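First up is the structure itself, then whatever we jot down about it.
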Amino acid sequence: MKILSVLSALIAISFIGCNLTPEPLSIKSGEENGLVEVVLGKKENVLISVVGQGVAPMNTSSPAQAYALAKRAAVSDAYRLIAEKVKGVRVDGQDTIENMMVKKSTVRTSVNAMIRNASVVETTFKEGLCEVEMEITIAHSQFSQ
């Protein structure tokens, strides 16, 4: 009986200070100066900024076509980066083992999201590489939990 009382007291003490409500959503994004953590409350917004990259193909009819194709690739990459930050990335993997050795290893990633109201902040093009900085403001309710 004494042991039961002690166990009950320990369990009660362990629950003191526990918050049973869900924590605010936390998003971590890298910056040049280190890792920054942004915590969203229920009514707060967060600015997501990404840089998409696209390479100009070699076999184009003109430099203007190369620029247009590289910019389109960079914009698509920026949209993908925003979707990855907002909705997350699904990762599927499969390994084939034969004679206790990996014969084939496959990893597939995918993201599925609808992105609206993202805006291009800056576009740079040098040496065949186009970089597009894109940003979007997202409300807490738009994040998947």
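To be explicit about the labels: the chains of the structure tokens are called A, B, and onward in the order shown, and within each one the residues are counted from 1, while ligands get numbers from 1 in the order they are shown.
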
For this session: Write down as a ChimeraX atom specification the residues of range 42-113 of chain A whose backbone DSSP state falls under alpha helix (DSSP H).
Result: /A:63-87

Exercise. Contacts of range 65-79 of chain A at 7 Å or less, counting only C-alpha atoms, minus same-chain residues fewer than 3 places along, as a list of chain:residue names?
Worked result: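 Residues near the query, excluding close chain neighbours: A:Val50, A:Val51, A:Gly52, A:Gln53, A:Gly54, A:Val55, A:Ala56, A:Pro57, A:Thr60, A:Ser61, A:Ser62, A:Ile82, A:Ala83, A:Leu129, A:Cys130, A:Glu131, A:Val132, A:Met134.
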
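Nearest-residue note for Ile136 in chain A: choosing from A:Asn59, A:Gln94, A:Thr124, A:Asn117, the minimum distance belongs to A:Asn117, counting only C-alpha atoms.
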
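In terms of minimum interatomic distance to Arg90 in chain A, A:Ala113 ranks closest within A:Val102, A:Glu122, A:Ala113, A:His140, counting only C-alpha atoms.
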